[in-house]
$ cat data-v5.pdb   # PDB, C-alpha atoms
ATOM      1  CA  MET A 805     -47.964 -59.401   1.598
ATOM      2  CA  ARG A 806     -48.652 -60.052   5.243
ATOM      3  CA  THR A 807     -51.963 -59.636   6.896
ATOM      4  CA  LYS A 808     -52.016 -57.434   9.952
ATOM      5  CA  SER A 809     -52.839 -60.295  12.268
ATOM      6  CA  SER A 810     -49.760 -62.328  11.382
ATOM      7  CA  ASN A 811     -46.514 -61.943  13.254
ATOM      8  CA  ASP A 812     -43.289 -63.880  13.544
ATOM      9  CA  PHE A 813     -39.776 -63.881  14.966
ATOM     10  CA  THR A 814     -36.492 -65.671  14.353
ATOM     11  CA  LEU A 815     -33.750 -66.117  16.934
ATOM     12  CA  GLU A 816     -30.400 -67.780  16.539
ATOM     13  CA  PHE A 817     -28.205 -68.827  19.443
ATOM     14  CA  PRO A 818     -25.314 -71.209  20.180
ATOM     15  CA  SER A 819     -26.215 -74.643  21.569
ATOM     16  CA  ARG A 820     -25.270 -73.830  25.160
ATOM     17  CA  SER A 821     -27.523 -75.241  27.852
ATOM     18  CA  SER A 822     -27.856 -71.804  29.449
ATOM     19  CA  ASN A 823     -29.893 -70.832  26.357
ATOM     20  CA  GLU A 824     -32.668 -73.318  27.207
ATOM     21  CA  ALA A 825     -34.189 -70.842  29.664
ATOM     22  CA  PHE A 826     -33.657 -67.982  27.211
ATOM     23  CA  ALA A 827     -35.495 -69.858  24.433
ATOM     24  CA  ARG A 828     -38.575 -70.706  26.473
ATOM     25  CA  VAL A 829     -38.845 -67.212  27.948
ATOM     26  CA  ALA A 830     -38.489 -65.663  24.465
ATOM     27  CA  VAL A 831     -41.305 -67.853  23.123
ATOM     28  CA  ALA A 832     -43.490 -67.081  26.141
ATOM     29  CA  CYS A 833     -43.017 -63.334  25.571
ATOM     30  CA  PHE A 834     -43.910 -63.742  21.884
ATOM     31  CA  ALA A 835     -46.956 -65.918  22.656
ATOM     32  CA  ALA A 836     -48.260 -63.342  25.147
ATOM     33  CA  GLN A 837     -49.801 -61.338  22.244
ATOM     34  CA  MET A 838     -52.162 -64.292  21.626
ATOM     35  CA  ASP A 839     -53.626 -63.911  25.104
ATOM     36  CA  PRO A 840     -52.871 -67.464  26.266
ATOM     37  CA  THR A 841     -54.031 -68.926  29.557
ATOM     38  CA  LEU A 842     -51.337 -69.613  32.149
ATOM     39  CA  ASN A 843     -51.647 -73.348  31.446
ATOM     40  CA  GLU A 844     -51.239 -72.831  27.697
ATOM     41  CA  LEU A 845     -48.191 -70.639  28.270
ATOM     42  CA  GLU A 846     -46.607 -73.217  30.558
ATOM     43  CA  ASP A 847     -47.305 -76.011  28.075
ATOM     44  CA  ILE A 848     -45.668 -74.024  25.264
ATOM     45  CA  LYS A 849     -42.615 -73.220  27.413
ATOM     46  CA  THR A 850     -42.256 -76.876  28.360
ATOM     47  CA  ALA A 851     -42.462 -78.080  24.742
ATOM     48  CA  VAL A 852     -39.915 -75.464  23.628
ATOM     49  CA  SER A 853     -37.598 -76.477  26.440
ATOM     50  CA  GLU A 854     -37.744 -80.104  25.272
ATOM     51  CA  ALA A 855     -37.099 -79.282  21.605
ATOM     52  CA  VAL A 856     -34.208 -76.902  22.337
ATOM     53  CA  THR A 857     -32.673 -79.330  24.844
ATOM     54  CA  ASN A 858     -32.780 -82.072  22.197
ATOM     55  CA  ALA A 859     -30.861 -79.829  19.788
ATOM     56  CA  ILE A 860     -28.293 -78.972  22.446
ATOM     57  CA  VAL A 861     -27.805 -82.535  23.725
ATOM     58  CA  HIS A 862     -28.219 -84.619  20.577
ATOM     59  CA  ALA A 863     -27.566 -82.451  17.514
ATOM     60  CA  TYR A 864     -24.263 -81.134  18.818
ATOM     61  CA  PRO A 865     -23.028 -83.674  21.396
ATOM     62  CA  ASP A 866     -19.391 -82.559  21.386
ATOM     63  CA  THR A 867     -19.509 -79.180  19.710
ATOM     64  CA  ILE A 868     -21.322 -75.865  19.918
ATOM     65  CA  GLY A 869     -23.517 -75.264  16.868
ATOM     66  CA  LYS A 870     -26.300 -72.920  15.880
ATOM     67  CA  VAL A 871     -29.896 -73.404  16.948
ATOM     68  CA  THR A 872     -32.600 -71.422  15.159
ATOM     69  CA  LEU A 873     -35.877 -70.771  16.945
ATOM     70  CA  ARG A 874     -38.835 -69.393  15.019
ATOM     71  CA  GLY A 875     -42.280 -68.435  16.177
ATOM     72  CA  ARG A 876     -45.257 -67.526  14.058
ATOM     73  CA  VAL A 877     -48.819 -66.478  14.733
ATOM     74  CA  CYS A 878     -50.991 -68.355  12.239
ATOM     75  CA  PRO A 879     -54.682 -67.910  11.397
ATOM     76  CA  ASP A 880     -57.245 -69.297  13.815
ATOM     77  CA  ASN A 881     -55.101 -68.353  16.852
ATOM     78  CA  VAL A 882     -52.525 -71.057  16.139
ATOM     79  CA  LEU A 883     -48.972 -70.645  17.383
ATOM     80  CA  GLU A 884     -46.290 -72.377  15.334
ATOM     81  CA  ILE A 885     -42.824 -72.945  16.796
ATOM     82  CA  THR A 886     -39.878 -74.273  14.805
ATOM     83  CA  VAL A 887     -36.580 -75.422  16.313
ATOM     84  CA  LYS A 888     -33.919 -76.085  13.729
ATOM     85  CA  ASP A 889     -30.331 -77.267  14.020
ATOM     86  CA  HIS A 890     -27.580 -78.214  11.596
ATOM     87  CA  GLY A 891     -26.249 -81.038  13.709
ATOM     88  CA  ARG A 892     -25.774 -84.750  13.198
ATOM     89  CA  GLY A 893     -29.444 -85.614  12.659
ATOM     90  CA  ILE A 894     -31.618 -88.385  14.078
ATOM     91  CA  PRO A 895     -30.991 -91.784  12.396
ATOM     92  CA  ASP A 896     -34.478 -93.150  13.168
ATOM     93  CA  VAL A 897     -37.097 -90.521  13.985
ATOM     94  CA  ASP A 898     -39.873 -93.033  14.761
ATOM     95  CA  GLN A 899     -37.654 -94.775  17.285
ATOM     96  CA  ALA A 900     -36.563 -91.454  18.816
ATOM     97  CA  ARG A 901     -40.212 -90.500  19.336
ATOM     98  CA  GLN A 902     -40.926 -93.632  21.384
ATOM     99  CA  PRO A 903     -41.391 -92.960  25.113
ATOM    100  CA  LEU A 904     -38.288 -93.709  27.225
ATOM    101  CA  PHE A 905     -36.016 -94.073  24.172
ATOM    102  CA  THR A 906     -32.866 -92.043  24.704
ATOM    103  CA  THR A 907     -29.282 -91.964  23.575
ATOM    104  CA  GLY A 908     -28.562 -89.265  26.157
ATOM    105  CA  GLY A 909     -26.832 -89.668  29.478
ATOM    106  CA  GLU A 910     -28.347 -90.640  32.789
ATOM    107  CA  GLU A 911     -29.733 -87.133  33.225
ATOM    108  CA  ARG A 912     -32.066 -87.667  30.237
ATOM    109  CA  SER A 913     -35.385 -89.500  30.528
ATOM    110  CA  GLY A 914     -36.347 -90.212  26.911
ATOM    111  CA  MET A 915     -39.664 -88.424  27.440
ATOM    112  CA  GLY A 916     -38.949 -85.224  25.479
ATOM    113  CA  PHE A 917     -40.943 -86.028  22.332
ATOM    114  CA  THR A 918     -43.763 -87.538  24.400
ATOM    115  CA  ILE A 919     -44.093 -84.258  26.293
ATOM    116  CA  MET A 920     -43.956 -82.184  23.086
ATOM    117  CA  GLU A 921     -46.707 -84.370  21.595
ATOM    118  CA  SER A 922     -48.780 -84.184  24.731
ATOM    119  CA  PHE A 923     -48.522 -80.410  25.249
ATOM    120  CA  MET A 924     -48.870 -79.286  21.625
ATOM    121  CA  ASP A 925     -51.536 -80.170  19.040
ATOM    122  CA  ARG A 926     -49.190 -81.216  16.258
ATOM    123  CA  LEU A 927     -45.542 -82.211  16.087
ATOM    124  CA  THR A 928     -43.504 -82.898  12.962
ATOM    125  CA  VAL A 929     -39.862 -83.956  12.985
ATOM    126  CA  LYS A 930     -37.726 -83.841   9.860
ATOM    127  CA  SER A 931     -34.176 -85.034  10.085
ATOM    128  CA  THR A 932     -31.341 -85.838   7.703
ATOM    129  CA  ALA A 933     -28.215 -87.626   8.912
ATOM    130  CA  GLY A 934     -25.319 -85.188   9.022
ATOM    131  CA  ARG A 935     -27.510 -82.251   7.967
ATOM    132  CA  GLY A 936     -29.674 -81.531  10.962
ATOM    133  CA  THR A 937     -33.156 -81.690  12.387
ATOM    134  CA  THR A 938     -36.206 -79.443  12.187
ATOM    135  CA  VAL A 939     -38.946 -79.802  14.781
ATOM    136  CA  THR A 940     -42.211 -77.964  14.084
ATOM    137  CA  MET A 941     -44.917 -77.714  16.721
ATOM    138  CA  ARG A 942     -48.340 -76.152  16.472
ATOM    139  CA  LYS A 943     -50.817 -75.302  19.149
ATOM    140  CA  ARG A 944     -54.187 -73.640  18.845
ATOM    141  CA  LEU A 945     -54.881 -71.344  21.749
ATOM    142  CA  ALA A 946     -58.435 -71.273  23.021
ATOM    143  CA  PRO A 947     -60.148 -68.046  22.051
ATOM    144  CA  ARG A 948     -60.988 -66.014  25.111
ATOM    145  CA  VAL A 949     -63.914 -63.735  25.495
ATOM    146  CA  LYS A 950     -62.590 -60.248  26.140
ATOM    147  CA  ALA A 951     -64.091 -58.581  29.180
ATOM    148  CA  ALA A 952     -66.319 -55.643  28.321
ATOM    149  CA  LYS A 953     -64.741 -52.321  29.186
TER     150      LYS A 953
ATOM    151  CA  MET B 982     -31.564 -74.654  40.948
ATOM    152  CA  GLU B 983     -31.177 -74.698  44.721
ATOM    153  CA  ILE B 984     -31.409 -77.835  46.834
ATOM    154  CA  GLN B 985     -31.884 -77.668  50.581
ATOM    155  CA  GLU B 986     -31.086 -80.759  52.540
ATOM    156  CA  LYS B 987     -32.504 -81.976  55.825
ATOM    157  CA  THR B 988     -31.835 -85.320  57.485
ATOM    158  CA  ALA B 989     -33.782 -86.694  60.429
ATOM    159  CA  ASP B 990     -33.839 -90.266  61.671
ATOM    160  CA  ARG B 991     -32.641 -91.763  58.356
ATOM    161  CA  ASN B 992     -35.184 -89.748  56.443
ATOM    162  CA  LEU B 993     -33.631 -87.456  53.859
ATOM    163  CA  LEU B 994     -35.573 -84.444  52.638
ATOM    164  CA  LEU B 995     -34.364 -82.589  49.563
ATOM    165  CA  ALA B 996     -36.257 -79.372  48.826
ATOM    166  CA  PHE B 997     -35.807 -77.982  45.330
ATOM    167  CA  SER B 998     -36.309 -74.419  44.219
ATOM    168  CA  GLY B 999     -35.850 -72.688  40.891
ATOM    169  CA  GLU B1000     -35.982 -74.080  37.361
ATOM    170  CA  LEU B1001     -35.390 -77.789  36.882
ATOM    171  CA  ASP B1002     -34.237 -78.123  33.277
ATOM    172  CA  HIS B1003     -31.374 -79.865  31.490
ATOM    173  CA  HIS B1004     -29.023 -76.955  32.244
ATOM    174  CA  GLY B1005     -29.231 -77.634  35.976
ATOM    175  CA  ALA B1006     -30.001 -81.347  35.889
ATOM    176  CA  ARG B1007     -26.497 -82.794  35.862
ATOM    177  CA  ASP B1008     -25.399 -80.769  38.867
ATOM    178  CA  ALA B1009     -28.664 -81.514  40.678
ATOM    179  CA  LEU B1010     -28.290 -85.246  39.999
ATOM    180  CA  ARG B1011     -24.750 -85.240  41.400
ATOM    181  CA  ARG B1012     -25.902 -83.418  44.520
ATOM    182  CA  ILE B1013     -28.800 -85.838  45.056
ATOM    183  CA  GLU B1014     -26.422 -88.809  44.772
ATOM    184  CA  LEU B1015     -23.925 -87.251  47.202
ATOM    185  CA  ALA B1016     -26.732 -86.552  49.688
ATOM    186  CA  ILE B1017     -28.051 -90.134  49.411
ATOM    187  CA  ASP B1018     -24.558 -91.609  49.795
ATOM    188  CA  ALA B1019     -23.931 -89.488  52.892
ATOM    189  CA  ALA B1020     -27.278 -90.136  54.580
ATOM    190  CA  LEU B1021     -28.039 -93.695  53.377
ATOM    191  CA  PRO B1022     -31.688 -92.934  54.058
ATOM    192  CA  ARG B1023     -34.552 -95.356  54.463
ATOM    193  CA  LYS B1024     -36.850 -92.773  52.984
ATOM    194  CA  LEU B1025     -36.069 -90.034  50.498
ATOM    195  CA  VAL B1026     -38.492 -87.144  50.070
ATOM    196  CA  LEU B1027     -38.167 -84.817  47.086
ATOM    197  CA  ASP B1028     -40.062 -81.617  47.834
ATOM    198  CA  LEU B1029     -40.783 -79.714  44.601
ATOM    199  CA  ALA B1030     -42.744 -76.822  46.174
ATOM    200  CA  GLY B1031     -40.216 -74.221  45.046
ATOM    201  CA  VAL B1032     -39.848 -75.477  41.467
ATOM    202  CA  THR B1033     -40.933 -72.687  39.106
ATOM    203  CA  PHE B1034     -40.422 -74.731  35.923
ATOM    204  CA  MET B1035     -39.732 -78.375  35.202
ATOM    205  CA  ASP B1036     -39.292 -80.340  31.955
ATOM    206  CA  SER B1037     -38.402 -83.982  31.289
ATOM    207  CA  SER B1038     -35.043 -83.404  33.010
ATOM    208  CA  GLY B1039     -37.028 -83.517  36.263
ATOM    209  CA  ILE B1040     -38.416 -86.925  35.283
ATOM    210  CA  ALA B1041     -34.878 -88.245  34.867
ATOM    211  CA  LEU B1042     -33.929 -86.915  38.313
ATOM    212  CA  ILE B1043     -36.932 -88.589  39.931
ATOM    213  CA  LEU B1044     -36.354 -91.927  38.156
ATOM    214  CA  ARG B1045     -32.630 -91.937  39.074
ATOM    215  CA  SER B1046     -33.525 -91.132  42.686
ATOM    216  CA  GLN B1047     -35.984 -94.018  42.647
ATOM    217  CA  GLN B1048     -33.291 -96.386  41.336
ATOM    218  CA  ARG B1049     -30.846 -95.266  44.034
ATOM    219  CA  MET B1050     -33.428 -95.808  46.752
ATOM    220  CA  GLN B1051     -34.314 -99.250  45.381
ATOM    221  CA  LEU B1052     -30.630-100.211  45.689
ATOM    222  CA  LEU B1053     -30.796 -99.152  49.345
ATOM    223  CA  GLU B1054     -34.123-100.973  49.744
ATOM    224  CA  GLY B1055     -35.629 -97.677  50.773
ATOM    225  CA  SER B1056     -38.558 -95.663  49.521
ATOM    226  CA  LEU B1057     -39.061 -92.457  47.560
ATOM    227  CA  LEU B1058     -41.786 -89.873  47.952
ATOM    228  CA  VAL B1059     -42.260 -86.862  45.696
ATOM    229  CA  CYS B1060     -44.359 -84.142  47.285
ATOM    230  CA  ASN B1061     -45.688 -80.594  46.825
ATOM    231  CA  VAL B1062     -45.579 -80.829  43.036
ATOM    232  CA  PRO B1063     -46.635 -77.513  41.421
ATOM    233  CA  PRO B1064     -49.291 -77.737  38.633
ATOM    234  CA  GLN B1065     -46.874 -77.271  35.699
ATOM    235  CA  ALA B1066     -44.508 -79.969  36.954
ATOM    236  CA  ARG B1067     -47.491 -82.199  37.706
ATOM    237  CA  ARG B1068     -48.639 -82.015  34.076
ATOM    238  CA  VAL B1069     -45.136 -83.018  32.945
ATOM    239  CA  LEU B1070     -45.162 -86.023  35.299
ATOM    240  CA  ASP B1071     -48.691 -86.990  34.217
ATOM    241  CA  ALA B1072     -47.850 -86.720  30.492
ATOM    242  CA  ALA B1073     -45.006 -89.162  31.090
ATOM    243  CA  GLY B1074     -47.113 -91.501  33.250
ATOM    244  CA  ILE B1075     -44.654 -91.201  36.129
ATOM    245  CA  SER B1076     -47.328 -91.422  38.829
ATOM    246  CA  ARG B1077     -47.641 -95.125  37.978
ATOM    247  CA  LEU B1078     -43.995 -95.662  38.891
ATOM    248  CA  VAL B1079     -43.386 -93.239  41.748
ATOM    249  CA  THR B1080     -45.337 -92.246  44.846
ATOM    250  CA  ILE B1081     -46.448 -88.633  44.463
ATOM    251  CA  ARG B1082     -48.312 -86.771  47.160
TER     252      ARG B1082
END
$ encode --input "data-v5.pdb" --output "C-alpha cells"
Amino acid sequence: MRTKSSNDFTLEFPSRSSNEAFARVAVACFAAQMDPTLNELEDIKTAVSEAVTNAIVHAYPDTIGKVTLRGRVCPDNVLEITVKDHGRGIPDVDQARQPLFTTGGEERSGMGFTIMESFMDRLTVKSTAGRGTTVTMRKRLAPRVKAAK
Amino acid sequence: MEIQEKTADRNLLLAFSGELDHHGARDALRRIELAIDAALPRKLVLDLAGVTFMDSSGIALILRSQQRMQLLEGSLLVCNVPPQARRVLDAAGISRLVTIR
C-alpha cells in the first residue's frame, strides 16, 4: 500500500550519449513536484548526468546496453535516484570513487563520483564484475514555506 | 554545443553556448584543439557565458585546454562562468589549478 505522498518513476533507455540530456531533464521534471530551489534542481541534474554518463561510457564501452533510471519521492522530502546498468561492472569501486581516477578517454576528468558525492547527500555504489552497477543517490530538499494565498 | 571563435593578436577566444556534457565533449575537444593548432595563441580564453549546463565533461575540456596551452608556454583564462558550472568547478577544486574570472 502506498501513501499518497509517495511517488516514483522508472525509465529504461539504450546507452546512447544523446540520452544523457534526456535523463537529467526527466529527473528534473519529476523532482519539480517536490518544489526544489533552482540550485537543488541543478545539483540533481548534474549528479544524474554524471551517473548516466558513467553507465554509457564505462558499463558498455563497445556496445549499446540498457540503462534503467528510477526516481522516488521518499518521506521527509528526500529524492532518491537510482541508475542501474547490466554492463561490465567496476572492478574496484573505492578506487573508482577517488578524485581524478578514470579509465575513460581524454574527454573524461575522473571527477564524476566526486561531483555526485558533493551535490547529493548520500551515494552508494554496488557493482559486480560482468553483472553491472547500481548507483543510488539521495538528496533531502529543503522544505520551503509556502506563500500565503 | 556551439563554439564561436575569435582571434586577435595571438589571443584566442572561444565562446561556448549550449549544454557541455559528455555527448558534446569529444567534438568540442577536437574543435578546441584545431583552433589552438591554427592560432598558436599566447593566451586562450574560454568564455562560458552561454553554457546552460555543464558536468564533469567541462572539467576535462578545461584541463586538456590547460595542458595544450602549457605545451605552447601560453596561458589559459576561463571567464563568465555561470553559477551551475561554477559549482561543478568548485566541487572538483579546479579553481586551484586554472585561472577563473
$ resolve_selection --input "data-v5.pdb" --expression "the ChimeraX specification (/B :<8) & /A" --output "count of residues only"
21
$ resolve_selection --input "data-v5.pdb" --expression "the PyMOL selection byres ((chain B and resi 1025) around 9)" --output "list in words"
Arg991, Asn992, Leu993, Leu994, Leu995, Ile1017, Pro1022, Arg1023, Lys1024, Val1026, Leu1027, Ser1046, Gln1047, Met1050, Gly1055, Ser1056, Leu1057, Leu1058 and Val1059 of chain B
$ atom_distance --input "data-v5.pdb" --atom1 "atom CA of B:Gly999" --atom2 "atom CA of B:Leu1029"
9.4 Å
$ residues_around --input "data-v5.pdb" --residues "B:Asn1061" --least-positions-apart "3" --cutoff "8 Å" --atoms "all atoms listed in the file" --output "CSV table (one decimal) with C-alpha atoms, keeping the file's coordinate frame"
chain,number,residue,atom,x,y,z
B,1028,ASP,CA,-40.1,-81.6,47.8
B,1029,LEU,CA,-40.8,-79.7,44.6
B,1030,ALA,CA,-42.7,-76.8,46.2
B,1082,ARG,CA,-48.3,-86.8,47.2
$ residues_near_point --input "data-v5.pdb" --point "(-44.4, -70.3, 10.8)" --cutoff "8 Å" --atoms "only C-alpha atoms" --output "MDAnalysis selection string"
chainID A and resid 812 874:878 884:886
$ atom_distance --input "data-v5.pdb" --atom1 "atom CA of A:Gly893" --atom2 "atom CA of A:Ala863"
6.1 Å
$ resolve_selection --input "data-v5.pdb" --expression "the PyMOL selection byres ((chain A and resi 929) around 9)" --output "mmCIF file with C-alpha atoms, keeping the file's coordinate frame"
data_model
loop_
_atom_site.group_PDB
_atom_site.id
_atom_site.type_symbol
_atom_site.label_atom_id
_atom_site.label_comp_id
_atom_site.auth_asym_id
_atom_site.auth_seq_id
_atom_site.Cartn_x
_atom_site.Cartn_y
_atom_site.Cartn_z
ATOM 1 C CA VAL A 897 -37.097 -90.521 13.985
ATOM 2 C CA LEU A 927 -45.542 -82.211 16.087
ATOM 3 C CA THR A 928 -43.504 -82.898 12.962
ATOM 4 C CA LYS A 930 -37.726 -83.841 9.860
ATOM 5 C CA SER A 931 -34.176 -85.034 10.085
ATOM 6 C CA THR A 937 -33.156 -81.690 12.387
ATOM 7 C CA THR A 938 -36.206 -79.443 12.187
ATOM 8 C CA VAL A 939 -38.946 -79.802 14.781
ATOM 9 C CA THR A 940 -42.211 -77.964 14.084
ATOM 10 C CA MET A 941 -44.917 -77.714 16.721
#
$ atom_distance --input "data-v5.pdb" --atom1 "atom CA of A:Lys888" --atom2 "atom CA of A:Pro840"
24.3 Å
$ residues_around --input "data-v5.pdb" --residues "A:Phe817" --least-positions-apart "6" --cutoff "7 Å" --atoms "only C-alpha atoms" --output "VMD selection string"
chain A and resid 870 to 872
$ closest_residue --input "data-v5.pdb" --among "B:Cys1060, B:Thr1033, B:Ser998, B:Arg1067" --to "B:Ile1081" --atoms "all atoms listed in the file"
B:Cys1060
$ build_atoms --input "data-v5.pdb" --residues "stretch 811-834 of chain A" --atoms "N, CA and C atoms" --output "CSV table (one decimal), in the coordinates of the input"
chain,number,residue,atom,x,y,z
A,811,ASN,N,-47.7,-62.5,12.6
A,811,ASN,CA,-46.5,-61.9,13.3
A,811,ASN,C,-45.5,-63.1,13.4
A,812,ASP,N,-44.3,-62.8,13.4
A,812,ASP,CA,-43.3,-63.9,13.5
A,812,ASP,C,-42.0,-63.3,14.1
A,813,PHE,N,-41.1,-64.3,14.5
A,813,PHE,CA,-39.8,-63.9,15.0
A,813,PHE,C,-38.8,-65.0,14.6
A,814,THR,N,-37.6,-64.7,14.5
A,814,THR,CA,-36.5,-65.7,14.4
A,814,THR,C,-35.3,-65.3,15.3
A,815,LEU,N,-34.9,-66.3,16.0
A,815,LEU,CA,-33.8,-66.1,16.9
A,815,LEU,C,-32.7,-67.2,16.6
A,816,GLU,N,-31.5,-66.8,16.7
A,816,GLU,CA,-30.4,-67.8,16.5
A,816,GLU,C,-29.5,-67.7,17.7
A,817,PHE,N,-29.1,-68.8,18.3
A,817,PHE,CA,-28.2,-68.8,19.4
A,817,PHE,C,-27.3,-70.1,19.4
A,818,PRO,N,-26.2,-70.0,20.1
A,818,PRO,CA,-25.3,-71.2,20.2
A,818,PRO,C,-25.9,-72.3,21.1
A,819,SER,N,-25.6,-73.5,20.9
A,819,SER,CA,-26.2,-74.6,21.6
A,819,SER,C,-25.6,-74.8,23.0
A,820,ARG,N,-25.7,-73.8,23.8
A,820,ARG,CA,-25.3,-73.8,25.2
A,820,ARG,C,-26.5,-74.0,26.0
A,821,SER,N,-26.3,-74.9,27.1
A,821,SER,CA,-27.5,-75.2,27.9
A,821,SER,C,-28.1,-74.0,28.6
A,822,SER,N,-27.3,-73.0,28.8
A,822,SER,CA,-27.9,-71.8,29.4
A,822,SER,C,-28.9,-71.1,28.6
A,823,ASN,N,-28.9,-71.4,27.3
A,823,ASN,CA,-29.9,-70.8,26.4
A,823,ASN,C,-31.3,-71.5,26.4
A,824,GLU,N,-31.4,-72.6,27.1
A,824,GLU,CA,-32.7,-73.3,27.2
A,824,GLU,C,-33.7,-72.4,27.9
A,825,ALA,N,-33.3,-71.8,29.0
A,825,ALA,CA,-34.2,-70.8,29.7
A,825,ALA,C,-34.5,-69.6,28.8
A,826,PHE,N,-33.5,-69.1,28.1
A,826,PHE,CA,-33.7,-68.0,27.2
A,826,PHE,C,-34.7,-68.3,26.1
A,827,ALA,N,-34.6,-69.5,25.5
A,827,ALA,CA,-35.5,-69.9,24.4
A,827,ALA,C,-36.9,-69.9,24.9
A,828,ARG,N,-37.2,-70.6,26.1
A,828,ARG,CA,-38.6,-70.7,26.5
A,828,ARG,C,-39.2,-69.4,26.9
A,829,VAL,N,-38.3,-68.5,27.5
A,829,VAL,CA,-38.8,-67.2,27.9
A,829,VAL,C,-39.1,-66.4,26.7
A,830,ALA,N,-38.3,-66.4,25.7
A,830,ALA,CA,-38.5,-65.7,24.5
A,830,ALA,C,-39.8,-66.1,23.8
A,831,VAL,N,-40.1,-67.4,23.7
A,831,VAL,CA,-41.3,-67.9,23.1
A,831,VAL,C,-42.5,-67.4,24.0
A,832,ALA,N,-42.4,-67.5,25.3
A,832,ALA,CA,-43.5,-67.1,26.1
A,832,ALA,C,-43.8,-65.6,25.9
A,833,CYS,N,-42.8,-64.8,25.8
A,833,CYS,CA,-43.0,-63.3,25.6
A,833,CYS,C,-43.7,-63.1,24.2
A,834,PHE,N,-43.3,-63.9,23.2
A,834,PHE,CA,-43.9,-63.7,21.9
A,834,PHE,C,-45.4,-64.2,21.9
